[in-house]
file query_27.cif (mmCIF, N, CA and C atoms)
data_start
#
loop_
_atom_site.label_atom_id
_atom_site.label_comp_id
_atom_site.auth_asym_id
_atom_site.auth_seq_id
_atom_site.Cartn_x
_atom_site.Cartn_y
_atom_site.Cartn_z
N MET A 1 43.45 122.37 143.71
CA MET A 1 43.21 123.57 144.49
C MET A 1 41.72 123.89 144.43
N ALA A 2 40.93 123.25 145.28
CA ALA A 2 39.49 123.47 145.32
C ALA A 2 39.18 124.68 146.20
N LEU A 3 38.32 125.53 145.71
CA LEU A 3 37.82 126.67 146.46
C LEU A 3 36.45 126.26 147.00
N ARG A 4 36.24 126.43 148.30
CA ARG A 4 35.02 125.91 148.91
C ARG A 4 34.41 126.95 149.84
N CYS A 5 33.08 126.98 149.85
CA CYS A 5 32.37 127.91 150.73
C CYS A 5 31.04 127.30 151.13
N SER A 6 30.70 127.41 152.42
CA SER A 6 29.41 126.93 152.92
C SER A 6 28.69 128.04 153.65
N GLN A 7 27.40 128.10 153.47
CA GLN A 7 26.54 129.04 154.18
C GLN A 7 25.36 128.26 154.71
N SER A 8 24.90 128.58 155.90
CA SER A 8 23.77 127.88 156.50
C SER A 8 22.75 128.89 156.99
N GLY A 9 21.51 128.44 157.06
CA GLY A 9 20.46 129.30 157.56
C GLY A 9 19.19 128.52 157.84
N PHE A 10 18.29 129.15 158.57
CA PHE A 10 17.03 128.53 158.94
C PHE A 10 15.92 129.05 158.02
N VAL A 11 15.08 128.14 157.57
CA VAL A 11 13.92 128.49 156.74
C VAL A 11 12.69 127.94 157.45
N PRO A 12 11.71 128.79 157.77
CA PRO A 12 10.53 128.31 158.49
C PRO A 12 9.53 127.57 157.59
N ARG A 13 10.02 126.55 156.92
CA ARG A 13 9.20 125.69 156.05
C ARG A 13 9.65 124.25 156.27
N PRO A 14 8.76 123.27 156.08
CA PRO A 14 9.16 121.88 156.27
C PRO A 14 10.18 121.44 155.22
N PRO A 15 11.03 120.46 155.56
CA PRO A 15 12.05 120.00 154.62
C PRO A 15 11.49 119.57 153.26
N ALA A 16 10.32 118.96 153.23
CA ALA A 16 9.73 118.51 151.96
C ALA A 16 9.47 119.69 151.03
N GLN A 17 8.99 120.80 151.58
CA GLN A 17 8.72 121.99 150.77
C GLN A 17 10.01 122.64 150.28
N VAL A 18 11.02 122.69 151.14
CA VAL A 18 12.31 123.27 150.76
C VAL A 18 12.97 122.41 149.69
N PHE A 19 12.95 121.10 149.88
CA PHE A 19 13.57 120.19 148.91
C PHE A 19 12.86 120.27 147.56
N ALA A 20 11.54 120.35 147.58
CA ALA A 20 10.78 120.45 146.32
C ALA A 20 11.18 121.70 145.54
N ARG A 21 11.41 122.80 146.23
CA ARG A 21 11.80 124.04 145.56
C ARG A 21 13.21 123.93 144.98
N ILE A 22 14.13 123.35 145.75
CA ILE A 22 15.51 123.19 145.29
C ILE A 22 15.57 122.25 144.09
N GLU A 23 14.78 121.19 144.15
CA GLU A 23 14.80 120.16 143.13
C GLU A 23 14.06 120.57 141.84
N ASP A 24 13.26 121.63 141.90
CA ASP A 24 12.55 122.12 140.72
C ASP A 24 13.49 122.98 139.89
N PHE A 25 14.19 122.35 138.95
CA PHE A 25 15.19 123.06 138.16
C PHE A 25 14.58 124.14 137.28
N SER A 26 13.30 124.02 136.93
CA SER A 26 12.67 125.02 136.07
C SER A 26 12.51 126.37 136.78
N SER A 27 12.57 126.37 138.12
CA SER A 27 12.45 127.64 138.85
C SER A 27 13.77 128.09 139.47
N ALA A 28 14.87 127.43 139.13
CA ALA A 28 16.17 127.76 139.73
C ALA A 28 16.59 129.19 139.44
N HIS A 29 16.20 129.72 138.30
CA HIS A 29 16.58 131.09 137.94
C HIS A 29 15.98 132.14 138.89
N GLN A 30 14.94 131.76 139.62
CA GLN A 30 14.30 132.70 140.54
C GLN A 30 15.12 132.93 141.80
N TRP A 31 15.98 131.99 142.15
CA TRP A 31 16.73 132.14 143.39
C TRP A 31 18.23 131.90 143.25
N MET A 32 18.70 131.45 142.11
CA MET A 32 20.14 131.28 141.91
C MET A 32 20.70 132.50 141.18
N ASP A 33 21.63 133.17 141.83
CA ASP A 33 22.25 134.37 141.28
C ASP A 33 22.95 134.05 139.96
N ARG A 34 22.71 134.86 138.95
CA ARG A 34 23.32 134.76 137.62
C ARG A 34 22.82 133.59 136.78
N CYS A 35 21.91 132.79 137.31
CA CYS A 35 21.37 131.66 136.56
C CYS A 35 20.27 132.15 135.61
N ILE A 36 20.35 131.75 134.37
CA ILE A 36 19.31 132.09 133.40
C ILE A 36 18.28 130.97 133.35
N ARG A 37 18.74 129.73 133.25
CA ARG A 37 17.85 128.57 133.33
C ARG A 37 18.68 127.31 133.48
N VAL A 38 18.04 126.29 134.05
CA VAL A 38 18.63 124.97 134.17
C VAL A 38 17.70 123.99 133.46
N GLN A 39 18.26 123.21 132.56
CA GLN A 39 17.49 122.22 131.83
C GLN A 39 17.92 120.83 132.26
N LYS A 40 16.94 119.94 132.36
CA LYS A 40 17.22 118.55 132.65
C LYS A 40 17.00 117.77 131.36
N TYR A 41 17.91 116.87 131.03
CA TYR A 41 17.81 116.11 129.79
C TYR A 41 16.69 115.08 129.82
N GLU A 42 16.54 114.38 130.95
CA GLU A 42 15.55 113.33 131.06
C GLU A 42 14.25 113.87 131.63
N ARG A 43 13.15 113.30 131.22
CA ARG A 43 11.84 113.67 131.78
C ARG A 43 11.58 112.83 133.02
N GLY A 44 10.63 113.28 133.81
CA GLY A 44 10.24 112.51 134.99
C GLY A 44 10.95 112.97 136.25
N GLU A 45 10.80 112.16 137.28
CA GLU A 45 11.37 112.48 138.58
C GLU A 45 12.90 112.53 138.51
N ASN A 46 13.48 113.43 139.26
CA ASN A 46 14.93 113.56 139.30
C ASN A 46 15.56 112.31 139.91
N ALA A 47 16.70 111.91 139.36
CA ALA A 47 17.42 110.74 139.86
C ALA A 47 18.91 110.97 139.70
N VAL A 48 19.69 110.27 140.49
CA VAL A 48 21.15 110.35 140.39
C VAL A 48 21.55 109.95 138.97
N GLY A 49 22.41 110.75 138.37
CA GLY A 49 22.89 110.48 137.01
C GLY A 49 22.16 111.28 135.94
N ASP A 50 21.03 111.91 136.28
CA ASP A 50 20.32 112.72 135.29
C ASP A 50 21.19 113.89 134.84
N GLY A 51 21.26 114.10 133.53
CA GLY A 51 22.07 115.17 132.98
C GLY A 51 21.40 116.53 133.09
N LEU A 52 22.20 117.56 133.30
CA LEU A 52 21.72 118.93 133.45
C LEU A 52 22.53 119.86 132.56
N ARG A 53 21.89 120.94 132.17
CA ARG A 53 22.57 122.01 131.43
C ARG A 53 22.15 123.32 132.09
N CYS A 54 23.14 124.09 132.54
CA CYS A 54 22.88 125.35 133.23
C CYS A 54 23.37 126.50 132.36
N PHE A 55 22.47 127.40 132.02
CA PHE A 55 22.81 128.62 131.29
C PHE A 55 22.90 129.74 132.32
N TYR A 56 24.02 130.47 132.31
CA TYR A 56 24.19 131.53 133.30
C TYR A 56 24.88 132.74 132.68
N GLN A 57 24.78 133.85 133.38
CA GLN A 57 25.40 135.08 132.94
C GLN A 57 26.84 135.12 133.44
N GLY A 58 27.79 134.98 132.54
CA GLY A 58 29.20 135.08 132.90
C GLY A 58 29.59 136.55 133.05
N TRP A 59 30.86 136.81 133.25
CA TRP A 59 31.31 138.19 133.43
C TRP A 59 31.08 139.03 132.18
N LEU A 60 31.25 138.42 131.01
CA LEU A 60 31.11 139.18 129.77
C LEU A 60 29.96 138.72 128.88
N ARG A 61 29.55 137.46 129.00
CA ARG A 61 28.49 136.93 128.14
C ARG A 61 27.86 135.70 128.77
N HIS A 62 26.82 135.19 128.13
CA HIS A 62 26.16 133.98 128.62
C HIS A 62 27.09 132.78 128.46
N ARG A 63 27.03 131.89 129.41
CA ARG A 63 27.85 130.68 129.40
C ARG A 63 26.96 129.47 129.66
N VAL A 64 27.51 128.28 129.38
CA VAL A 64 26.80 127.03 129.61
C VAL A 64 27.68 126.08 130.41
N LEU A 65 27.07 125.45 131.41
CA LEU A 65 27.74 124.41 132.18
C LEU A 65 26.98 123.11 131.96
N LEU A 66 27.69 122.03 131.75
CA LEU A 66 27.07 120.71 131.62
C LEU A 66 27.33 119.95 132.90
N GLY A 67 26.32 119.25 133.39
CA GLY A 67 26.49 118.55 134.65
C GLY A 67 25.50 117.44 134.85
N CYS A 68 25.43 116.98 136.10
CA CYS A 68 24.49 115.92 136.44
C CYS A 68 24.22 115.94 137.94
N ILE A 69 23.17 115.22 138.32
CA ILE A 69 22.85 115.03 139.73
C ILE A 69 23.73 113.89 140.24
N VAL A 70 24.50 114.15 141.28
CA VAL A 70 25.41 113.12 141.78
C VAL A 70 24.94 112.52 143.11
N ALA A 71 24.07 113.20 143.83
CA ALA A 71 23.51 112.65 145.07
C ALA A 71 22.12 113.23 145.26
N ARG A 72 21.20 112.37 145.65
CA ARG A 72 19.82 112.81 145.88
C ARG A 72 19.18 111.94 146.94
N GLU A 73 18.88 112.55 148.08
CA GLU A 73 18.11 111.90 149.13
C GLU A 73 16.94 112.82 149.40
N PRO A 74 15.72 112.42 149.04
CA PRO A 74 14.56 113.31 149.22
C PRO A 74 14.48 113.87 150.64
N ASP A 75 14.27 115.17 150.71
CA ASP A 75 14.13 115.93 151.96
C ASP A 75 15.39 115.96 152.81
N VAL A 76 16.53 115.50 152.26
CA VAL A 76 17.79 115.50 153.03
C VAL A 76 18.92 116.16 152.26
N ARG A 77 19.13 115.79 150.98
CA ARG A 77 20.30 116.30 150.26
C ARG A 77 20.11 116.25 148.76
N LEU A 78 20.65 117.28 148.09
CA LEU A 78 20.73 117.30 146.63
C LEU A 78 22.09 117.87 146.25
N THR A 79 22.84 117.10 145.47
CA THR A 79 24.17 117.53 145.03
C THR A 79 24.26 117.41 143.52
N CYS A 80 24.73 118.48 142.90
CA CYS A 80 24.93 118.50 141.45
C CYS A 80 26.36 118.92 141.16
N GLU A 81 26.92 118.37 140.10
CA GLU A 81 28.25 118.78 139.66
C GLU A 81 28.16 119.23 138.22
N TYR A 82 28.87 120.31 137.92
CA TYR A 82 28.89 120.89 136.58
C TYR A 82 30.34 121.06 136.14
N ALA A 83 30.54 121.06 134.83
CA ALA A 83 31.86 121.32 134.28
C ALA A 83 31.73 122.37 133.19
N GLY A 84 32.58 123.36 133.27
CA GLY A 84 32.64 124.41 132.26
C GLY A 84 34.03 124.48 131.68
N ARG A 85 34.23 125.46 130.88
CA ARG A 85 35.51 125.61 130.20
C ARG A 85 36.66 125.89 131.17
N HIS A 86 36.37 126.67 132.21
CA HIS A 86 37.44 127.10 133.11
C HIS A 86 37.35 126.55 134.53
N ALA A 87 36.29 125.76 134.82
CA ALA A 87 36.16 125.25 136.19
C ALA A 87 35.19 124.07 136.25
N ARG A 88 35.37 123.27 137.31
CA ARG A 88 34.39 122.26 137.70
C ARG A 88 33.72 122.81 138.96
N ILE A 89 32.39 122.69 139.01
CA ILE A 89 31.63 123.30 140.10
C ILE A 89 30.74 122.26 140.75
N GLY A 90 30.79 122.20 142.07
CA GLY A 90 29.91 121.34 142.84
C GLY A 90 28.96 122.19 143.65
N ILE A 91 27.68 121.86 143.61
CA ILE A 91 26.66 122.58 144.37
C ILE A 91 25.94 121.57 145.24
N ASP A 92 25.93 121.81 146.53
CA ASP A 92 25.32 120.86 147.46
C ASP A 92 24.34 121.59 148.38
N PHE A 93 23.17 121.00 148.56
CA PHE A 93 22.18 121.49 149.52
C PHE A 93 21.91 120.36 150.50
N THR A 94 22.11 120.63 151.78
CA THR A 94 21.83 119.66 152.83
C THR A 94 20.75 120.25 153.73
N LEU A 95 19.70 119.47 153.97
CA LEU A 95 18.57 119.91 154.77
C LEU A 95 18.48 119.09 156.04
N ARG A 96 18.14 119.77 157.13
CA ARG A 96 17.96 119.08 158.41
C ARG A 96 16.74 119.66 159.09
N HIS A 97 15.81 118.78 159.45
CA HIS A 97 14.60 119.22 160.16
C HIS A 97 15.02 119.87 161.47
N HIS A 98 14.47 121.04 161.75
CA HIS A 98 14.84 121.76 162.96
C HIS A 98 13.61 122.50 163.47
N GLY A 99 13.01 122.00 164.52
CA GLY A 99 11.84 122.65 165.10
C GLY A 99 10.70 122.77 164.10
N ALA A 100 10.27 124.01 163.87
CA ALA A 100 9.15 124.27 162.96
C ALA A 100 9.61 124.56 161.54
N GLY A 101 10.81 124.17 161.20
CA GLY A 101 11.31 124.47 159.86
C GLY A 101 12.47 123.59 159.46
N THR A 102 13.35 124.18 158.66
CA THR A 102 14.47 123.44 158.08
C THR A 102 15.75 124.25 158.23
N TYR A 103 16.79 123.57 158.66
CA TYR A 103 18.12 124.17 158.70
C TYR A 103 18.80 123.76 157.40
N LEU A 104 19.13 124.72 156.55
CA LEU A 104 19.64 124.48 155.21
C LEU A 104 21.09 124.91 155.10
N THR A 105 21.92 124.03 154.56
CA THR A 105 23.33 124.35 154.31
C THR A 105 23.58 124.28 152.81
N HIS A 106 24.12 125.36 152.26
CA HIS A 106 24.44 125.46 150.84
C HIS A 106 25.96 125.50 150.71
N THR A 107 26.51 124.56 149.96
CA THR A 107 27.96 124.48 149.79
C THR A 107 28.32 124.58 148.32
N LEU A 108 29.26 125.45 148.02
CA LEU A 108 29.80 125.59 146.66
C LEU A 108 31.26 125.16 146.68
N GLN A 109 31.64 124.39 145.67
CA GLN A 109 33.04 124.02 145.51
C GLN A 109 33.43 124.27 144.06
N VAL A 110 34.48 125.02 143.86
CA VAL A 110 34.95 125.36 142.53
C VAL A 110 36.39 124.89 142.39
N VAL A 111 36.65 124.12 141.33
CA VAL A 111 38.00 123.67 141.02
C VAL A 111 38.40 124.31 139.69
N PRO A 112 39.26 125.32 139.73
CA PRO A 112 39.67 125.99 138.49
C PRO A 112 40.39 125.04 137.54
N ARG A 113 40.17 125.25 136.25
CA ARG A 113 40.82 124.45 135.21
C ARG A 113 41.59 125.38 134.29
N GLY A 114 42.75 124.95 133.88
CA GLY A 114 43.54 125.73 132.92
C GLY A 114 44.18 126.94 133.57
N TRP A 115 45.02 127.60 132.81
CA TRP A 115 45.76 128.75 133.33
C TRP A 115 44.85 129.93 133.63
N LEU A 116 43.81 130.14 132.81
CA LEU A 116 42.91 131.26 133.06
C LEU A 116 42.08 131.04 134.32
N GLY A 117 41.66 129.81 134.53
CA GLY A 117 40.92 129.48 135.75
C GLY A 117 41.76 129.68 137.00
N ARG A 118 43.01 129.25 136.93
CA ARG A 118 43.90 129.44 138.08
C ARG A 118 44.22 130.92 138.30
N LEU A 119 44.32 131.67 137.20
CA LEU A 119 44.57 133.10 137.31
C LEU A 119 43.40 133.82 138.00
N ALA A 120 42.18 133.39 137.70
CA ALA A 120 40.98 134.02 138.27
C ALA A 120 40.63 133.50 139.65
N ALA A 121 41.34 132.50 140.17
CA ALA A 121 41.02 131.87 141.45
C ALA A 121 40.87 132.85 142.61
N PRO A 122 41.75 133.86 142.78
CA PRO A 122 41.56 134.80 143.89
C PRO A 122 40.25 135.59 143.78
N LEU A 123 39.86 135.95 142.57
CA LEU A 123 38.59 136.66 142.38
C LEU A 123 37.41 135.75 142.71
N VAL A 124 37.52 134.51 142.26
CA VAL A 124 36.45 133.54 142.50
C VAL A 124 36.32 133.28 144.00
N ARG A 125 37.43 133.13 144.69
CA ARG A 125 37.41 132.87 146.13
C ARG A 125 36.66 133.98 146.87
N ARG A 126 36.91 135.23 146.50
CA ARG A 126 36.22 136.36 147.15
C ARG A 126 34.74 136.37 146.82
N ALA A 127 34.38 135.97 145.62
CA ALA A 127 32.98 136.01 145.19
C ALA A 127 32.16 134.85 145.73
N LEU A 128 32.79 133.74 146.08
CA LEU A 128 32.05 132.55 146.51
C LEU A 128 31.16 132.80 147.72
N ALA A 129 31.71 133.39 148.77
CA ALA A 129 30.92 133.63 149.98
C ALA A 129 29.75 134.54 149.69
N ARG A 130 29.98 135.58 148.93
CA ARG A 130 28.92 136.52 148.58
C ARG A 130 27.83 135.83 147.76
N GLN A 131 28.24 135.01 146.80
CA GLN A 131 27.27 134.32 145.94
C GLN A 131 26.48 133.27 146.73
N SER A 132 27.15 132.52 147.57
CA SER A 132 26.47 131.51 148.37
C SER A 132 25.47 132.15 149.33
N SER A 133 25.87 133.25 149.95
CA SER A 133 24.98 133.96 150.86
C SER A 133 23.77 134.53 150.12
N ALA A 134 24.00 135.10 148.94
CA ALA A 134 22.90 135.65 148.13
C ALA A 134 21.95 134.56 147.67
N THR A 135 22.48 133.40 147.31
CA THR A 135 21.65 132.28 146.88
C THR A 135 20.75 131.80 148.02
N LEU A 136 21.33 131.66 149.19
CA LEU A 136 20.56 131.22 150.35
C LEU A 136 19.47 132.23 150.70
N ALA A 137 19.80 133.52 150.67
CA ALA A 137 18.81 134.56 150.97
C ALA A 137 17.69 134.59 149.93
N SER A 138 18.04 134.44 148.65
CA SER A 138 17.03 134.43 147.60
C SER A 138 16.12 133.21 147.70
N LEU A 139 16.70 132.06 148.00
CA LEU A 139 15.91 130.84 148.17
C LEU A 139 14.94 131.00 149.34
N ARG A 140 15.43 131.54 150.43
CA ARG A 140 14.58 131.76 151.60
C ARG A 140 13.44 132.71 151.25
N ARG A 141 13.74 133.78 150.53
CA ARG A 141 12.72 134.74 150.12
C ARG A 141 11.66 134.08 149.24
N CYS A 142 12.09 133.25 148.29
CA CYS A 142 11.14 132.54 147.40
C CYS A 142 10.25 131.59 148.19
N LEU A 143 10.81 130.92 149.19
CA LEU A 143 10.03 129.99 149.99
C LEU A 143 9.02 130.70 150.88
N LEU A 144 9.34 131.92 151.29
CA LEU A 144 8.44 132.65 152.20
C LEU A 144 7.37 133.45 151.46
N MET A 145 7.52 133.59 150.15
CA MET A 145 6.50 134.31 149.37
C MET A 145 5.21 133.50 149.33
N PRO A 146 4.07 134.18 149.51
CA PRO A 146 2.80 133.44 149.42
C PRO A 146 2.59 132.94 147.99
N SER A 147 2.09 131.72 147.87
CA SER A 147 1.88 131.14 146.54
C SER A 147 0.55 131.55 145.96
#

call {"tool": "encode", "arguments": {"input": "query_27.cif", "output": "structure tokens"}}
result
Amino acid sequence: MALRCSQSGFVPRPPAQVFARIEDFSSAHQWMDRCIRVQKYERGENAVGDGLRCFYQGWLRHRVLLGCIVAREPDVRLTCEYAGRHARIGIDFTLRHHGAGTYLTHTLQVVPRGWLGRLAAPLVRRALARQSSATLASLRRCLLMPS
């Protein structure tokens, strides 16, 4: 029973600049709602299979998700999958050059695990669209801020 939500929007920046911001895990907390920080285990350029650790604010306390990069095409797509105690989470960003900017699609997929995860599924389903929309808006805002 996967819960899935996609949001799309236009960002007036080239795909290379948008991808660089998405791929910079050290700045993910600036535009990902409830994210405290994302750590990458390996040094150097991001590659498929690189391990990730995401610290985020749960409903009652800080939580940790362990994951990895599962798909990476520079300036086109970045997909990461995480696993936590109560859910498996997939985060996908797809970029498409469009005129003077980038058309960006953000997709979240949550697969609840265990009885507590399944019990919380209706709440998660309602929150997914709001969270995906907020993430896209925050990312757009960060990209439009003067450096």

call {"tool": "atom_distance", "arguments": {"input": "query_27.cif", "atom1": "CA of Arg96 (chain A)", "atom2": "CA of Pro15 (chain A)"}}
result
7.1 Å

call {"tool": "closest_residue", "arguments": {"input": "query_27.cif", "among": "A:Ala83, A:Val111, A:Ala134, A:Ala121", "to": "Val64 (chain A)", "atoms": "only N, CA and C atoms"}}
result
A:Ala83

call {"tool": "resolve_selection", "arguments": {"input": "query_27.cif", "expression": "the PyMOL selection byres (((chain A and resi 37-52 and name CA) around 10) and name CA)", "output": "PyMOL selection string"}}
result
chain A and resi 23-30+32+34-36+53-57+64-74+78-82

call {"tool": "write_last_selection", "arguments": {"input": "query_27.cif", "atoms": "N, CA and C atoms", "output": "compact mmCIF listing (two decimals), in the coordinates of the input"}}
result
# COMPACT_ATOMS: atom_id res chain seq x y z
N GLU A 23 14.78 121.19 144.15
CA GLU A 23 14.80 120.16 143.13
C GLU A 23 14.06 120.57 141.84
N ASP A 24 13.26 121.63 141.90
CA ASP A 24 12.55 122.12 140.72
C ASP A 24 13.49 122.98 139.89
N PHE A 25 14.19 122.35 138.95
CA PHE A 25 15.19 123.06 138.16
C PHE A 25 14.58 124.14 137.28
N SER A 26 13.30 124.02 136.93
CA SER A 26 12.67 125.02 136.07
C SER A 26 12.51 126.37 136.78
N SER A 27 12.57 126.37 138.12
CA SER A 27 12.45 127.64 138.85
C SER A 27 13.77 128.09 139.47
N ALA A 28 14.87 127.43 139.13
CA ALA A 28 16.17 127.76 139.73
C ALA A 28 16.59 129.19 139.44
N HIS A 29 16.20 129.72 138.30
CA HIS A 29 16.58 131.09 137.94
C HIS A 29 15.98 132.14 138.89
N GLN A 30 14.94 131.76 139.62
CA GLN A 30 14.30 132.70 140.54
C GLN A 30 15.12 132.93 141.80
N MET A 32 18.70 131.45 142.11
CA MET A 32 20.14 131.28 141.91
C MET A 32 20.70 132.50 141.18
N ARG A 34 22.71 134.86 138.95
CA ARG A 34 23.32 134.76 137.62
C ARG A 34 22.82 133.59 136.78
N CYS A 35 21.91 132.79 137.31
CA CYS A 35 21.37 131.66 136.56
C CYS A 35 20.27 132.15 135.61
N ILE A 36 20.35 131.75 134.37
CA ILE A 36 19.31 132.09 133.40
C ILE A 36 18.28 130.97 133.35
N ARG A 53 21.89 120.94 132.17
CA ARG A 53 22.57 122.01 131.43
C ARG A 53 22.15 123.32 132.09
N CYS A 54 23.14 124.09 132.54
CA CYS A 54 22.88 125.35 133.23
C CYS A 54 23.37 126.50 132.36
N PHE A 55 22.47 127.40 132.02
CA PHE A 55 22.81 128.62 131.29
C PHE A 55 22.90 129.74 132.32
N TYR A 56 24.02 130.47 132.31
CA TYR A 56 24.19 131.53 133.30
C TYR A 56 24.88 132.74 132.68
N GLN A 57 24.78 133.85 133.38
CA GLN A 57 25.40 135.08 132.94
C GLN A 57 26.84 135.12 133.44
N VAL A 64 27.51 128.28 129.38
CA VAL A 64 26.80 127.03 129.61
C VAL A 64 27.68 126.08 130.41
N LEU A 65 27.07 125.45 131.41
CA LEU A 65 27.74 124.41 132.18
C LEU A 65 26.98 123.11 131.96
N LEU A 66 27.69 122.03 131.75
CA LEU A 66 27.07 120.71 131.62
C LEU A 66 27.33 119.95 132.90
N GLY A 67 26.32 119.25 133.39
CA GLY A 67 26.49 118.55 134.65
C GLY A 67 25.50 117.44 134.85
N CYS A 68 25.43 116.98 136.10
CA CYS A 68 24.49 115.92 136.44
C CYS A 68 24.22 115.94 137.94
N ILE A 69 23.17 115.22 138.32
CA ILE A 69 22.85 115.03 139.73
C ILE A 69 23.73 113.89 140.24
N VAL A 70 24.50 114.15 141.28
CA VAL A 70 25.41 113.12 141.78
C VAL A 70 24.94 112.52 143.11
N ALA A 71 24.07 113.20 143.83
CA ALA A 71 23.51 112.65 145.07
C ALA A 71 22.12 113.23 145.26
N ARG A 72 21.20 112.37 145.65
CA ARG A 72 19.82 112.81 145.88
C ARG A 72 19.18 111.94 146.94
N GLU A 73 18.88 112.55 148.08
CA GLU A 73 18.11 111.90 149.13
C GLU A 73 16.94 112.82 149.40
N PRO A 74 15.72 112.42 149.04
CA PRO A 74 14.56 113.31 149.22
C PRO A 74 14.48 113.87 150.64
N LEU A 78 20.65 117.28 148.09
CA LEU A 78 20.73 117.30 146.63
C LEU A 78 22.09 117.87 146.25
N THR A 79 22.84 117.10 145.47
CA THR A 79 24.17 117.53 145.03
C THR A 79 24.26 117.41 143.52
N CYS A 80 24.73 118.48 142.90
CA CYS A 80 24.93 118.50 141.45
C CYS A 80 26.36 118.92 141.16
N GLU A 81 26.92 118.37 140.10
CA GLU A 81 28.25 118.78 139.66
C GLU A 81 28.16 119.23 138.22
N TYR A 82 28.87 120.31 137.92
CA TYR A 82 28.89 120.89 136.58
C TYR A 82 30.34 121.06 136.14

call {"tool": "select_by_dssp", "arguments": {"input": "query_27.cif", "residues": "region 3-138 of chain A", "states": "alpha helix (DSSP H)", "output": "ChimeraX atom specification"}}
result
/A:15-23,114-138

call {"tool": "atom_distance", "arguments": {"input": "query_27.cif", "atom1": "CA of Val11 (chain A)", "atom2": "atom C of Ala127 (chain A)"}}
result
22.2 Å

call {"tool": "atom_distance", "arguments": {"input": "query_27.cif", "atom1": "atom N of Ala120 (chain A)", "atom2": "CA of Cys5 (chain A)"}}
result
17.2 Å

call {"tool": "resolve_selection", "arguments": {"input": "query_27.cif", "expression": "the PyMOL selection byres ((chain A and resi 94) around 5)", "output": "number ranges by chain"}}
result
A: 76-77, 92-93, 95-96, 104-105

call {"tool": "select_by_dssp", "arguments": {"input": "query_27.cif", "residues": "chain A", "states": "strand (DSSP E)", "output": "PyMOL selection string"}}
result
chain A and resi 3-11+35-40+51-57+62-73+77-83+87-98+101-112

call {"tool": "resolve_selection", "arguments": {"input": "query_27.cif", "expression": "the PyMOL selection byres (((chain A and resi 12 and name CA) around 12) and name CA)", "output": "VMD selection string"}}
result
chain A and resid 9 to 11 13 to 18 96 to 104 139 to 145

call {"tool": "closest_residue", "arguments": {"input": "query_27.cif", "among": "A:Arg130, A:Arg85, A:Arg4, A:Arg21", "to": "Gly114 (chain A)", "atoms": "all atoms listed in the file"}}
result
A:Arg85

call {"tool": "closest_residue", "arguments": {"input": "query_27.cif", "among": "A:Met1, A:Ser8, A:Ala137, A:Phe19", "to": "Val110 (chain A)", "atoms": "all atoms listed in the file"}}
result
A:Met1

call {"tool": "closest_residue", "arguments": {"input": "query_27.cif", "among": "A:Gln109, A:Trp115, A:Pro146, A:Arg61", "to": "Leu128 (chain A)", "atoms": "only C-alpha atoms"}}
result
A:Gln109

call {"tool": "residues_around", "arguments": {"input": "query_27.cif", "residues": "His86 (chain A)", "least_positions_apart": "3", "cutoff": "7 Å", "atoms": "only C-alpha atoms", "output": "ChimeraX atom specification"}}
result
/A:112-114,116-117
